[in-house]
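The file input_18.cif comes next; it holds mmCIF, C-alpha atoms and all ligand atoms.
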```cif
data_upload
#
loop_
_atom_site.group_PDB
_atom_site.id
_atom_site.type_symbol
_atom_site.label_atom_id
_atom_site.label_comp_id
_atom_site.auth_asym_id
_atom_site.auth_seq_id
_atom_site.Cartn_x
_atom_site.Cartn_y
_atom_site.Cartn_z
ATOM 1 C CA MET A 912 57.397 2.348 -105.919
ATOM 2 C CA ILE A 913 55.635 0.764 -102.943
ATOM 3 C CA ARG A 914 52.322 1.572 -104.568
ATOM 4 C CA LYS A 915 53.418 -0.230 -107.725
ATOM 5 C CA MET A 916 54.514 -3.248 -105.682
ATOM 6 C CA ILE A 917 51.161 -3.440 -103.933
ATOM 7 C CA LEU A 918 49.377 -3.201 -107.258
ATOM 8 C CA THR A 919 51.550 -5.963 -108.725
ATOM 9 C CA LEU A 920 50.889 -8.113 -105.670
ATOM 10 C CA ALA A 921 47.149 -7.498 -105.896
ATOM 11 C CA LEU A 922 47.129 -8.461 -109.573
ATOM 12 C CA ALA A 923 49.077 -11.612 -108.834
ATOM 13 C CA LEU A 924 46.646 -12.618 -106.079
ATOM 14 C CA ALA A 925 43.479 -11.834 -108.016
ATOM 15 C CA PRO A 926 43.206 -15.149 -109.940
ATOM 16 C CA ALA A 927 43.828 -17.145 -106.747
ATOM 17 C CA LEU A 928 41.098 -15.218 -104.927
ATOM 18 C CA ALA A 929 38.698 -15.670 -107.839
ATOM 19 C CA ALA A 930 39.329 -19.412 -107.865
ATOM 20 C CA ALA A 931 38.669 -19.685 -104.142
ATOM 21 C CA LYS A 932 35.357 -17.816 -104.334
ATOM 22 C CA THR A 933 32.335 -19.791 -103.194
ATOM 23 C CA LEU A 934 29.702 -19.790 -105.935
ATOM 24 C CA GLU A 935 26.231 -18.522 -105.087
ATOM 25 C CA VAL A 936 23.644 -20.966 -106.433
ATOM 26 C CA VAL A 937 19.951 -20.052 -106.266
ATOM 27 C CA THR A 938 17.317 -22.685 -107.050
ATOM 28 C CA THR A 939 13.548 -22.375 -107.345
ATOM 29 C CA THR A 940 12.792 -25.481 -105.250
ATOM 30 C CA GLU A 941 14.298 -27.317 -102.296
ATOM 31 C CA ASP A 942 14.656 -30.462 -104.452
ATOM 32 C CA LEU A 943 17.049 -28.602 -106.735
ATOM 33 C CA ALA A 944 18.849 -27.084 -103.733
ATOM 34 C CA ALA A 945 19.370 -30.571 -102.268
ATOM 35 C CA LEU A 946 20.789 -31.842 -105.574
ATOM 36 C CA ALA A 947 23.019 -28.781 -105.952
ATOM 37 C CA ARG A 948 24.461 -29.523 -102.481
ATOM 38 C CA GLU A 949 25.110 -33.145 -103.504
ATOM 39 C CA VAL A 950 27.204 -32.144 -106.525
ATOM 40 C CA GLY A 951 28.499 -28.712 -105.497
ATOM 41 C CA GLY A 952 29.851 -29.669 -102.071
ATOM 42 C CA ASP A 953 31.929 -26.965 -100.395
ATOM 43 C CA LYS A 954 32.431 -25.010 -103.628
ATOM 44 C CA ILE A 955 28.939 -23.512 -103.470
ATOM 45 C CA ASN A 956 26.395 -21.763 -101.227
ATOM 46 C CA VAL A 957 22.825 -22.764 -102.040
ATOM 47 C CA THR A 958 19.584 -20.851 -101.522
ATOM 48 C CA SER A 959 16.112 -22.031 -102.517
ATOM 49 C CA LEU A 960 13.457 -19.468 -103.457
ATOM 50 C CA SER A 961 10.583 -21.679 -102.258
ATOM 51 C CA HIS A 962 9.947 -24.227 -99.526
ATOM 52 C CA GLY A 963 8.967 -27.844 -100.158
ATOM 53 C CA TYR A 964 5.700 -27.330 -98.292
ATOM 54 C CA GLN A 965 4.644 -24.602 -100.766
ATOM 55 C CA ASP A 966 2.812 -25.189 -104.048
ATOM 56 C CA PRO A 967 5.631 -24.710 -106.603
ATOM 57 C CA HIS A 968 3.170 -23.402 -109.203
ATOM 58 C CA PHE A 969 2.138 -20.506 -106.973
ATOM 59 C CA VAL A 970 4.942 -18.842 -105.033
ATOM 60 C CA GLU A 971 4.624 -15.196 -104.055
ATOM 61 C CA ALA A 972 7.221 -13.185 -106.044
ATOM 62 C CA LYS A 973 8.417 -11.161 -103.057
ATOM 63 C CA PRO A 974 11.140 -8.491 -103.480
ATOM 64 C CA SER A 975 13.257 -10.390 -100.914
ATOM 65 C CA LEU A 976 13.509 -13.265 -103.438
ATOM 66 C CA MET A 977 14.708 -10.830 -106.098
ATOM 67 C CA VAL A 978 17.488 -9.741 -103.733
ATOM 68 C CA LYS A 979 18.598 -13.379 -103.374
ATOM 69 C CA LEU A 980 18.961 -13.581 -107.160
ATOM 70 C CA ARG A 981 20.941 -10.367 -107.453
ATOM 71 C CA LYS A 982 24.291 -11.941 -106.551
ATOM 72 C CA ALA A 983 23.682 -15.430 -107.898
ATOM 73 C CA ASP A 984 26.343 -17.035 -110.102
ATOM 74 C CA LEU A 985 23.984 -19.848 -111.098
ATOM 75 C CA TYR A 986 20.186 -20.062 -111.228
ATOM 76 C CA VAL A 987 18.467 -23.457 -111.441
ATOM 77 C CA GLU A 988 14.795 -24.023 -112.214
ATOM 78 C CA VAL A 989 12.517 -27.039 -112.730
ATOM 79 C CA GLY A 990 11.345 -25.627 -116.058
ATOM 80 C CA LYS A 991 8.476 -26.731 -118.321
ATOM 81 C CA GLU A 992 6.614 -23.651 -117.040
ATOM 82 C CA LEU A 993 6.316 -24.947 -113.457
ATOM 83 C CA GLU A 994 7.561 -21.579 -112.181
ATOM 84 C CA VAL A 995 6.150 -19.444 -115.032
ATOM 85 C CA GLY A 996 3.837 -17.553 -112.676
ATOM 86 C CA TRP A 997 6.616 -16.157 -110.490
ATOM 87 C CA ALA A 998 10.238 -16.882 -111.430
ATOM 88 C CA PRO A 999 10.618 -14.987 -114.767
ATOM 89 C CA ASN A 1000 9.659 -11.659 -113.130
ATOM 90 C CA LEU A 1001 12.107 -12.283 -110.294
ATOM 91 C CA ILE A 1002 14.980 -13.028 -112.692
ATOM 92 C CA LEU A 1003 14.237 -9.957 -114.770
ATOM 93 C CA GLY A 1004 13.823 -7.823 -111.651
ATOM 94 C CA SER A 1005 17.131 -9.040 -110.210
ATOM 95 C CA ARG A 1006 18.947 -7.237 -113.065
ATOM 96 C CA ASN A 1007 21.653 -9.866 -112.720
ATOM 97 C CA PRO A 1008 23.037 -10.376 -116.243
ATOM 98 C CA SER A 1009 24.729 -13.673 -115.260
ATOM 99 C CA ILE A 1010 21.496 -15.657 -114.741
ATOM 100 C CA GLN A 1011 19.171 -14.437 -117.492
ATOM 101 C CA PRO A 1012 17.681 -17.134 -119.787
ATOM 102 C CA ASN A 1013 20.134 -18.385 -122.441
ATOM 103 C CA THR A 1014 23.185 -17.290 -120.453
ATOM 104 C CA PRO A 1015 25.745 -19.757 -118.964
ATOM 105 C CA GLY A 1016 24.373 -19.136 -115.437
ATOM 106 C CA PHE A 1017 20.835 -20.275 -116.258
ATOM 107 C CA VAL A 1018 20.009 -23.973 -115.748
ATOM 108 C CA ASP A 1019 16.798 -25.722 -116.801
ATOM 109 C CA ALA A 1020 16.955 -28.953 -114.768
ATOM 110 C CA SER A 1021 14.422 -30.684 -117.034
ATOM 111 C CA GLN A 1022 16.689 -30.850 -120.088
ATOM 112 C CA HIS A 1023 17.873 -34.459 -119.552
ATOM 113 C CA VAL A 1024 14.633 -35.748 -117.982
ATOM 114 C CA LYS A 1025 12.236 -37.880 -120.010
ATOM 115 C CA MET A 1026 8.962 -35.959 -119.697
ATOM 116 C CA LEU A 1027 5.587 -37.619 -119.171
ATOM 117 C CA GLU A 1028 2.122 -36.393 -120.233
ATOM 118 C CA VAL A 1029 3.476 -34.171 -123.015
ATOM 119 C CA PRO A 1030 0.410 -32.932 -124.902
ATOM 120 C CA ALA A 1031 0.272 -33.242 -128.694
ATOM 121 C CA ALA A 1032 -0.468 -29.516 -128.871
ATOM 122 C CA VAL A 1033 0.430 -26.901 -126.260
ATOM 123 C CA SER A 1034 -2.774 -25.592 -124.760
ATOM 124 C CA ARG A 1035 -3.619 -23.595 -121.679
ATOM 125 C CA ALA A 1036 -7.306 -24.083 -122.303
ATOM 126 C CA GLN A 1037 -9.427 -24.609 -119.197
ATOM 127 C CA GLY A 1038 -6.597 -23.393 -117.007
ATOM 128 C CA ASP A 1039 -4.274 -26.363 -117.532
ATOM 129 C CA ILE A 1040 -1.002 -25.484 -115.794
ATOM 130 C CA HIS A 1041 1.043 -28.341 -117.330
ATOM 131 C CA PRO A 1042 1.196 -27.130 -120.952
ATOM 132 C CA PHE A 1043 4.616 -28.683 -121.772
ATOM 133 C CA GLY A 1044 4.156 -32.032 -120.053
ATOM 134 C CA ASN A 1045 4.103 -32.880 -116.370
ATOM 135 C CA PRO A 1046 6.667 -30.743 -114.512
ATOM 136 C CA HIS A 1047 6.604 -32.773 -111.254
ATOM 137 C CA TYR A 1048 9.361 -35.104 -112.431
ATOM 138 C CA GLN A 1049 11.134 -34.962 -109.059
ATOM 139 C CA THR A 1050 8.688 -37.595 -107.776
ATOM 140 C CA ASP A 1051 10.700 -40.333 -109.562
ATOM 141 C CA PRO A 1052 13.761 -40.784 -107.331
ATOM 142 C CA ALA A 1053 15.912 -41.898 -110.292
ATOM 143 C CA ASN A 1054 15.351 -38.499 -111.939
ATOM 144 C CA GLY A 1055 17.776 -37.106 -109.365
ATOM 145 C CA ALA A 1056 20.548 -38.257 -111.736
ATOM 146 C CA PRO A 1057 19.553 -36.314 -114.904
ATOM 147 C CA MET A 1058 18.615 -33.302 -112.753
ATOM 148 C CA ALA A 1059 22.008 -33.353 -111.003
ATOM 149 C CA GLN A 1060 23.704 -33.717 -114.402
ATOM 150 C CA SER A 1061 22.113 -30.460 -115.628
ATOM 151 C CA ILE A 1062 23.254 -28.703 -112.457
ATOM 152 C CA VAL A 1063 26.816 -29.994 -112.920
ATOM 153 C CA GLU A 1064 26.846 -28.801 -116.538
ATOM 154 C CA GLY A 1065 25.816 -25.363 -115.276
ATOM 155 C CA LEU A 1066 28.445 -25.339 -112.521
ATOM 156 C CA GLU A 1067 31.119 -26.296 -115.042
ATOM 157 C CA ARG A 1068 30.080 -23.483 -117.390
ATOM 158 C CA VAL A 1069 30.503 -20.842 -114.687
ATOM 159 C CA ASP A 1070 33.372 -22.532 -112.800
ATOM 160 C CA PRO A 1071 35.357 -24.653 -115.300
ATOM 161 C CA ALA A 1072 38.387 -24.740 -112.976
ATOM 162 C CA ASN A 1073 36.560 -27.180 -110.674
ATOM 163 C CA LYS A 1074 35.273 -29.542 -113.386
ATOM 164 C CA ALA A 1075 36.999 -32.621 -111.956
ATOM 165 C CA TYR A 1076 35.551 -31.910 -108.500
ATOM 166 C CA TYR A 1077 31.963 -31.607 -109.798
ATOM 167 C CA ASP A 1078 32.342 -34.661 -112.072
ATOM 168 C CA GLY A 1079 33.603 -36.701 -109.133
ATOM 169 C CA ARG A 1080 30.725 -35.667 -106.890
ATOM 170 C CA LEU A 1081 28.181 -36.415 -109.636
ATOM 171 C CA ALA A 1082 29.613 -39.910 -110.114
ATOM 172 C CA ASP A 1083 29.503 -40.529 -106.355
ATOM 173 C CA TYR A 1084 25.907 -39.226 -106.120
ATOM 174 C CA ARG A 1085 24.838 -41.491 -109.015
ATOM 175 C CA THR A 1086 26.306 -44.530 -107.247
ATOM 176 C CA ARG A 1087 24.582 -43.737 -103.946
ATOM 177 C CA LEU A 1088 21.308 -42.937 -105.737
ATOM 178 C CA GLY A 1089 21.368 -46.213 -107.683
ATOM 179 C CA ALA A 1090 21.700 -48.203 -104.461
ATOM 180 C CA ALA A 1091 18.945 -46.201 -102.751
ATOM 181 C CA VAL A 1092 16.518 -46.567 -105.692
ATOM 182 C CA ALA A 1093 17.000 -50.356 -105.603
ATOM 183 C CA ARG A 1094 16.307 -50.326 -101.857
ATOM 184 C CA TRP A 1095 13.137 -48.150 -102.225
ATOM 185 C CA LYS A 1096 11.788 -50.349 -105.052
ATOM 186 C CA LYS A 1097 12.378 -53.502 -103.032
ATOM 187 C CA ARG A 1098 10.553 -52.013 -100.048
ATOM 188 C CA ALA A 1099 7.714 -50.749 -102.293
ATOM 189 C CA ASP A 1100 7.213 -54.261 -103.645
ATOM 190 C CA GLU A 1101 7.268 -55.704 -100.096
ATOM 191 C CA ILE A 1102 4.446 -53.416 -98.956
ATOM 192 C CA GLY A 1103 2.403 -54.144 -102.086
ATOM 193 C CA LEU A 1104 2.633 -50.848 -103.956
ATOM 194 C CA ARG A 1105 2.969 -52.517 -107.362
ATOM 195 C CA GLY A 1106 -0.457 -52.497 -109.034
ATOM 196 C CA MET A 1107 -2.047 -50.629 -106.130
ATOM 197 C CA LYS A 1108 -4.808 -48.210 -107.137
ATOM 198 C CA VAL A 1109 -4.598 -44.709 -105.713
ATOM 199 C CA VAL A 1110 -6.192 -41.285 -106.175
ATOM 200 C CA THR A 1111 -4.026 -38.158 -105.900
ATOM 201 C CA TYR A 1112 -5.022 -34.569 -105.222
ATOM 202 C CA HIS A 1113 -2.933 -32.761 -107.861
ATOM 203 C CA ARG A 1114 -1.389 -34.456 -110.897
ATOM 204 C CA SER A 1115 1.997 -34.551 -109.095
ATOM 205 C CA TRP A 1116 2.668 -38.277 -109.087
ATOM 206 C CA PRO A 1117 2.836 -39.859 -112.589
ATOM 207 C CA TYR A 1118 6.636 -40.202 -112.318
ATOM 208 C CA PHE A 1119 6.377 -41.766 -108.862
ATOM 209 C CA ALA A 1120 3.645 -44.095 -110.146
ATOM 210 C CA GLN A 1121 5.792 -45.184 -113.090
ATOM 211 C CA ALA A 1122 8.803 -45.778 -110.838
ATOM 212 C CA PHE A 1123 6.954 -47.944 -108.314
ATOM 213 C CA GLY A 1124 4.184 -49.507 -110.434
ATOM 214 C CA VAL A 1125 1.369 -47.634 -108.672
ATOM 215 C CA GLN A 1126 -1.876 -47.158 -110.639
ATOM 216 C CA ILE A 1127 -3.322 -43.638 -110.446
ATOM 217 C CA VAL A 1128 -7.051 -43.980 -111.053
ATOM 218 C CA ASP A 1129 -8.162 -40.338 -110.781
ATOM 219 C CA PHE A 1130 -7.507 -36.931 -109.205
ATOM 220 C CA VAL A 1131 -9.291 -34.744 -106.663
ATOM 221 C CA GLU A 1132 -8.584 -31.792 -108.960
ATOM 222 C CA PRO A 1133 -10.395 -32.425 -112.265
ATOM 223 C CA LYS A 1134 -7.570 -30.585 -114.083
ATOM 224 C CA PRO A 1135 -4.224 -29.373 -112.662
ATOM 225 C CA GLY A 1136 -4.891 -26.124 -110.844
ATOM 226 C CA ILE A 1137 -8.697 -26.391 -111.096
ATOM 227 C CA PRO A 1138 -10.551 -27.007 -107.796
ATOM 228 C CA PRO A 1139 -13.121 -29.828 -107.793
ATOM 229 C CA THR A 1140 -16.857 -29.308 -108.167
ATOM 230 C CA ALA A 1141 -19.405 -31.171 -106.026
ATOM 231 C CA GLN A 1142 -20.299 -33.263 -109.089
ATOM 232 C CA HIS A 1143 -16.653 -34.262 -109.627
ATOM 233 C CA ILE A 1144 -16.307 -35.312 -105.960
ATOM 234 C CA LEU A 1145 -19.452 -37.428 -106.236
ATOM 235 C CA GLU A 1146 -18.146 -39.235 -109.344
ATOM 236 C CA LEU A 1147 -14.723 -39.610 -107.747
ATOM 237 C CA GLU A 1148 -16.203 -41.244 -104.642
ATOM 238 C CA GLN A 1149 -18.125 -43.709 -106.821
ATOM 239 C CA LYS A 1150 -14.931 -44.534 -108.709
ATOM 240 C CA ILE A 1151 -12.935 -45.017 -105.477
ATOM 241 C CA LYS A 1152 -15.547 -47.508 -104.272
ATOM 242 C CA SER A 1153 -15.977 -49.387 -107.564
ATOM 243 C CA GLU A 1154 -12.224 -49.629 -108.264
ATOM 244 C CA GLY A 1155 -11.243 -50.493 -104.693
ATOM 245 C CA VAL A 1156 -8.910 -47.501 -104.248
ATOM 246 C CA LYS A 1157 -7.120 -47.722 -100.896
ATOM 247 C CA LEU A 1158 -5.103 -44.506 -100.734
ATOM 248 C CA ILE A 1159 -5.596 -40.801 -101.484
ATOM 249 C CA LEU A 1160 -2.246 -39.005 -101.789
ATOM 250 C CA VAL A 1161 -2.377 -35.319 -100.849
ATOM 251 C CA GLU A 1162 0.481 -32.839 -101.281
ATOM 252 C CA PRO A 1163 1.184 -30.813 -98.099
ATOM 253 C CA TYR A 1164 0.029 -27.519 -99.640
ATOM 254 C CA PHE A 1165 -3.566 -28.583 -100.238
ATOM 255 C CA ASP A 1166 -6.228 -28.357 -97.573
ATOM 256 C CA PRO A 1167 -6.728 -31.993 -96.529
ATOM 257 C CA LYS A 1168 -10.374 -31.368 -95.511
ATOM 258 C CA GLN A 1169 -11.801 -32.351 -98.891
ATOM 259 C CA ALA A 1170 -9.661 -35.483 -99.099
ATOM 260 C CA ASN A 1171 -10.556 -36.403 -95.507
ATOM 261 C CA LYS A 1172 -14.252 -36.130 -96.355
ATOM 262 C CA ILE A 1173 -13.767 -38.359 -99.433
ATOM 263 C CA ALA A 1174 -11.865 -40.835 -97.259
ATOM 264 C CA GLN A 1175 -14.671 -40.842 -94.705
ATOM 265 C CA ASP A 1176 -17.280 -41.477 -97.414
ATOM 266 C CA THR A 1177 -15.345 -44.254 -99.137
ATOM 267 C CA GLY A 1178 -13.120 -45.982 -96.568
ATOM 268 C CA ALA A 1179 -9.918 -44.983 -98.409
ATOM 269 C CA LYS A 1180 -7.006 -43.554 -96.404
ATOM 270 C CA VAL A 1181 -5.441 -40.117 -96.822
ATOM 271 C CA VAL A 1182 -1.638 -39.992 -96.945
ATOM 272 C CA GLU A 1183 -0.012 -36.574 -96.731
ATOM 273 C CA MET A 1184 2.948 -37.108 -99.058
ATOM 274 C CA PRO A 1185 5.782 -34.560 -99.029
ATOM 275 C CA ALA A 1186 6.395 -34.603 -102.881
ATOM 276 C CA SER A 1187 9.510 -32.426 -102.397
ATOM 277 C CA VAL A 1188 12.487 -32.000 -100.116
ATOM 278 C CA GLY A 1189 11.225 -29.826 -97.260
ATOM 279 C CA GLY A 1190 7.664 -31.113 -97.747
ATOM 280 C CA ASN A 1191 7.708 -32.472 -94.202
ATOM 281 C CA LYS A 1192 10.225 -32.326 -91.376
ATOM 282 C CA GLU A 1193 11.770 -35.709 -92.228
ATOM 283 C CA ALA A 1194 12.426 -34.919 -95.913
ATOM 284 C CA THR A 1195 15.636 -32.931 -95.425
ATOM 285 C CA ASP A 1196 17.463 -34.174 -98.541
ATOM 286 C CA TRP A 1197 16.849 -36.232 -101.696
ATOM 287 C CA PHE A 1198 17.397 -39.540 -99.885
ATOM 288 C CA LYS A 1199 15.338 -38.708 -96.802
ATOM 289 C CA LEU A 1200 12.484 -37.499 -99.032
ATOM 290 C CA PHE A 1201 11.949 -40.945 -100.536
ATOM 291 C CA ASP A 1202 12.648 -42.693 -97.214
ATOM 292 C CA SER A 1203 9.796 -40.604 -95.800
ATOM 293 C CA GLU A 1204 7.405 -41.244 -98.718
ATOM 294 C CA ILE A 1205 7.884 -45.013 -98.687
ATOM 295 C CA SER A 1206 7.609 -45.071 -94.890
ATOM 296 C CA LEU A 1207 4.352 -43.039 -94.929
ATOM 297 C CA LEU A 1208 2.818 -45.369 -97.529
ATOM 298 C CA SER A 1209 3.953 -48.400 -95.569
ATOM 299 C CA GLN A 1210 2.353 -47.059 -92.385
ATOM 300 C CA ALA A 1211 -0.895 -46.242 -94.229
ATOM 301 C CA LEU A 1212 -1.017 -49.831 -95.503
ATOM 302 C CA GLY A 1213 -0.443 -51.199 -91.991
ATOM 303 C CA LYS A 1214 2.994 -52.596 -92.913
ATOM 304 C CA GLY A 1215 4.982 -50.660 -90.292
ATOM 305 C CA ALA A 1216 7.471 -47.834 -90.856
HETATM 306 ZN ZN ZN B 1 1.278 -29.243 -111.301
#
```
Let me see the structure of the file written as structure tokens.
Amino acid sequence: MIRKMILTLALALAPALAAAKTLEVVTTTEDLAALAREVGGDKINVTSLSHGYQDPHFVEAKPSLMVKLRKADLYVEVGKELEVGWAPNLILGSRNPSIQPNTPGFVDASQHVKMLEVPAAVSRAQGDIHPFGNPHYQTDPANGAPMAQSIVEGLERVDPANKAYYDGRLADYRTRLGAAVARWKKRADEIGLRGMKVVTYHRSWPYFAQAFGVQIVDFVEPKPGIPPTAQHILELEQKIKSEGVKLILVEPYFDPKQANKIAQDTGAKVVEMPASVGGNKEATDWFKLFDSEISLLSQALGKGA
């Protein structure tokens, strides 16, 4: 009798316990983790598989990362093959049926983002690691909105009971983001970014350039993922001089030596730009990332922080 009562009680409590469960969200990058926190609030725990100071194309697929995926309720990736070298094996190895591709717990954060540099034909010739368009879309601050939307859609698939909560947080994030984007653009115009010619190490910045009117003239890497030859550096230095390029933007995971040498030869300035949340110690969330980037550029141009 008592046993039956306990069982009945346990069954009655089960749905309440399930509803109160904190969802485990695992993202591939710290940008996605920051956005998940914005929209998931206290309903989720978030873990990122990589750090913002690591090259997102090349993350070591350690077994410890597989363990993090094992209990995930939702997996979020940048997509467009950014993580193709490491994430698919981790997901498969996790043996977690809830987050496999084409299941409700799998989120491709690129699905609502307007992609740039989409090639007419998919080709990995010459080692190009951007075969489906440029995957570094997080460098446009406004893309936080479509990225967050994909995350919310995923959260609502696996946790429909909290739909109103996630919708409310997304709306609030969009409002705060809109105000911040206007502020960053105003500041960018004040420090003269519009029309400014720059060179970047990797092809990480076309979205940033489009957002702020910056002109990217060339790259230290001749092709994404391909290190420069001496001949390429020579031609690049000539171009920097003839075009009057003032800044060389370098992601934190590239050795700045080569860029420093180019700067020395040409008079341009190297700016170590975080590119992602966690890319430097200031960039602790989506808002502080762009605060830091605009501030670094402003300092490099002698316009103060
Ligand atoms: Zn890339």
Result set, the PyMOL selection byres (((chain A and resi 1025-1027) around 12) and not hetatm) on current file, as a PyMOL selection string: chain A and resi 989-991+1020-1024+1028-1031+1041-1051+1053-1054+1056-1058+1114-1121
Hits from the PyMOL selection byres (((chain A and resi 1213) around 12) and not hetatm), listed as a PyMOL selection string: chain A and resi 1102-1103+1157-1158+1180+1206-1212+1214-1216
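Here the PyMOL selection byres (((chain A and resi 1130) around 10) and not hetatm) catches exactly these residues: Val1109, Val1110, Thr1111, Tyr1112, His1113, Arg1114, Ser1115, Ile1127, Val1128, Asp1129, Val1131, Glu1132, Pro1133, Lys1134, Pro1135, Pro1139, His1143, Ile1144, Leu1147, Ile1159, Leu1160 and Val1161 of chain A.
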Selection to disk with C-alpha atoms, as a compact mmCIF listing (two decimals), in the coordinates of the input:
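Result saved to again.txt:
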```
# COMPACT_ATOMS: atom_id res chain seq x y z
CA VAL A 1109 -4.60 -44.71 -105.71
CA VAL A 1110 -6.19 -41.28 -106.18
CA THR A 1111 -4.03 -38.16 -105.90
CA TYR A 1112 -5.02 -34.57 -105.22
CA HIS A 1113 -2.93 -32.76 -107.86
CA ARG A 1114 -1.39 -34.46 -110.90
CA SER A 1115 2.00 -34.55 -109.10
CA ILE A 1127 -3.32 -43.64 -110.45
CA VAL A 1128 -7.05 -43.98 -111.05
CA ASP A 1129 -8.16 -40.34 -110.78
CA VAL A 1131 -9.29 -34.74 -106.66
CA GLU A 1132 -8.58 -31.79 -108.96
CA PRO A 1133 -10.40 -32.42 -112.26
CA LYS A 1134 -7.57 -30.58 -114.08
CA PRO A 1135 -4.22 -29.37 -112.66
CA PRO A 1139 -13.12 -29.83 -107.79
CA HIS A 1143 -16.65 -34.26 -109.63
CA ILE A 1144 -16.31 -35.31 -105.96
CA LEU A 1147 -14.72 -39.61 -107.75
CA ILE A 1159 -5.60 -40.80 -101.48
CA LEU A 1160 -2.25 -39.01 -101.79
CA VAL A 1161 -2.38 -35.32 -100.85
```
Set the distance at 8 Å and use only C-alpha atoms: which residues neighbour stretch 1060-1073 of chain A once local chain neighbours fewer than 3 positions away are removed? I'd like the list as a PDB file with C-alpha atoms, in the coordinates of the input.
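Done, and the output landed in out_37.pdb:
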```pdb
ATOM      1  CA  ALA A 930      39.329 -19.412-107.865  1.00  0.00           C
ATOM      2  CA  LEU A 946      20.789 -31.842-105.574  1.00  0.00           C
ATOM      3  CA  ALA A 947      23.019 -28.781-105.952  1.00  0.00           C
ATOM      4  CA  VAL A 950      27.204 -32.144-106.525  1.00  0.00           C
ATOM      5  CA  GLY A 951      28.499 -28.712-105.497  1.00  0.00           C
ATOM      6  CA  ASP A 984      26.343 -17.035-110.102  1.00  0.00           C
ATOM      7  CA  LEU A 985      23.984 -19.848-111.098  1.00  0.00           C
ATOM      8  CA  VAL A 987      18.467 -23.457-111.441  1.00  0.00           C
ATOM      9  CA  PRO A1015      25.745 -19.757-118.964  1.00  0.00           C
ATOM     10  CA  GLY A1016      24.373 -19.136-115.437  1.00  0.00           C
ATOM     11  CA  PHE A1017      20.835 -20.275-116.258  1.00  0.00           C
ATOM     12  CA  VAL A1018      20.009 -23.973-115.748  1.00  0.00           C
ATOM     13  CA  ASP A1019      16.798 -25.722-116.801  1.00  0.00           C
ATOM     14  CA  ALA A1020      16.955 -28.953-114.768  1.00  0.00           C
ATOM     15  CA  SER A1021      14.422 -30.684-117.034  1.00  0.00           C
ATOM     16  CA  GLN A1022      16.689 -30.850-120.088  1.00  0.00           C
ATOM     17  CA  HIS A1023      17.873 -34.459-119.552  1.00  0.00           C
ATOM     18  CA  ALA A1056      20.548 -38.257-111.736  1.00  0.00           C
ATOM     19  CA  PRO A1057      19.553 -36.314-114.904  1.00  0.00           C
ATOM     20  CA  TYR A1076      35.551 -31.910-108.500  1.00  0.00           C
ATOM     21  CA  TYR A1077      31.963 -31.607-109.798  1.00  0.00           C
ATOM     22  CA  ASP A1078      32.342 -34.661-112.072  1.00  0.00           C
ATOM     23  CA  LEU A1081      28.181 -36.415-109.636  1.00  0.00           C
TER      24      LEU A1081
END
```
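Using all atoms listed in the file, the nearest neighbour of ligand ZN 1 (chain B) within the list A:Gly1124, A:Ala1032, A:Asp942, A:Ala1186 is A:Ala1186.
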Residue among A:Ile1205, A:Ala983, A:Ala1141, A:Val970 lying closest to A:Thr933, counting all atoms listed in the file: A:Ala983
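Minimum atom-to-atom distance to ligand ZN 1 (chain B), evaluated using only C-alpha atoms and all ligand atoms, belongs to A:Glu994 out of A:Asp1196, A:Glu1183, A:Glu994, A:Asp1083.
Closest to A:Gly963 among A:Thr940, A:Asp1166, A:Asn1000, A:Leu980 is A:Thr940, based on all atoms listed in the file.
Going from atom CA of A:Ala944 to atom CA of A:Gly996 covers 19.9 Å.
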Could the centre and edge lengths of an axis-aligned box, enclosing all atoms of stretch 954-968 of chain A in the file with 8 Å extra on each side, be given in Å to one decimal as AutoDock Vina command-line options?
```
--center_x 17.6 --center_y -23.7 --center_z -103.7 --size_x 45.6 --size_y 24.4 --size_z 26.9
```
Close residues, A:Lys1096 itself excluded, 7 Å, all atoms listed in the file, min 4 positions apart in chain, as JSON, numbers by chain: {"A": [1092, 1100, 1123]}
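The gap separating atom CA of A:Asp1039 from atom CA of A:Thr958 is 29.3 Å, in Å to one decimal.
Atom CA of A:Glu992 to atom CA of A:Pro967 spans 10.5 Å [interatomic distance, one decimal].
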Residues near A:Trp1095, cut-off 10 Å, all atoms listed in the file, skip fewer than 2 positions along chain, as number ranges by chain: A: 1052, 1090-1093, 1097-1101, 1122-1123, 1198, 1201-1202, 1204-1206
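The shortest atom-to-atom distance to A:Ile1173, with only C-alpha atoms taken into account, belongs to A:Leu1145 out of A:Ala1059, A:Ala972, A:Leu1145, A:Leu1200.
Of the listed residues A:Val957, A:Leu993, A:Ala945, A:Ala1082, the one whose atoms come nearest to ligand ZN 1 (chain B) is A:Leu993, with distances taken using only C-alpha atoms and all ligand atoms.
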Could you add the missing atoms to stretch 972-976 of chain A, up to N, CA and C atoms, and return them as an mmCIF file, in the coordinates of the input?
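Listed below is the output, out_25.cif:
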```cif
data_model
loop_
_atom_site.group_PDB
_atom_site.id
_atom_site.type_symbol
_atom_site.label_atom_id
_atom_site.label_comp_id
_atom_site.auth_asym_id
_atom_site.auth_seq_id
_atom_site.Cartn_x
_atom_site.Cartn_y
_atom_site.Cartn_z
ATOM 1 N N ALA A 972 5.969 -13.766 -105.523
ATOM 2 C CA ALA A 972 7.221 -13.185 -106.044
ATOM 3 C C ALA A 972 7.636 -11.979 -105.208
ATOM 4 N N LYS A 973 8.068 -12.253 -103.986
ATOM 5 C CA LYS A 973 8.417 -11.161 -103.057
ATOM 6 C C LYS A 973 9.739 -10.494 -103.454
ATOM 7 N N PRO A 974 9.878 -9.186 -103.179
ATOM 8 C CA PRO A 974 11.140 -8.491 -103.480
ATOM 9 C C PRO A 974 12.345 -9.146 -102.796
ATOM 10 N N SER A 975 12.133 -9.751 -101.620
ATOM 11 C CA SER A 975 13.257 -10.390 -100.914
ATOM 12 C C SER A 975 13.850 -11.534 -101.751
ATOM 13 N N LEU A 976 13.007 -12.174 -102.581
ATOM 14 C CA LEU A 976 13.509 -13.265 -103.438
ATOM 15 C C LEU A 976 14.359 -12.688 -104.579
#
```
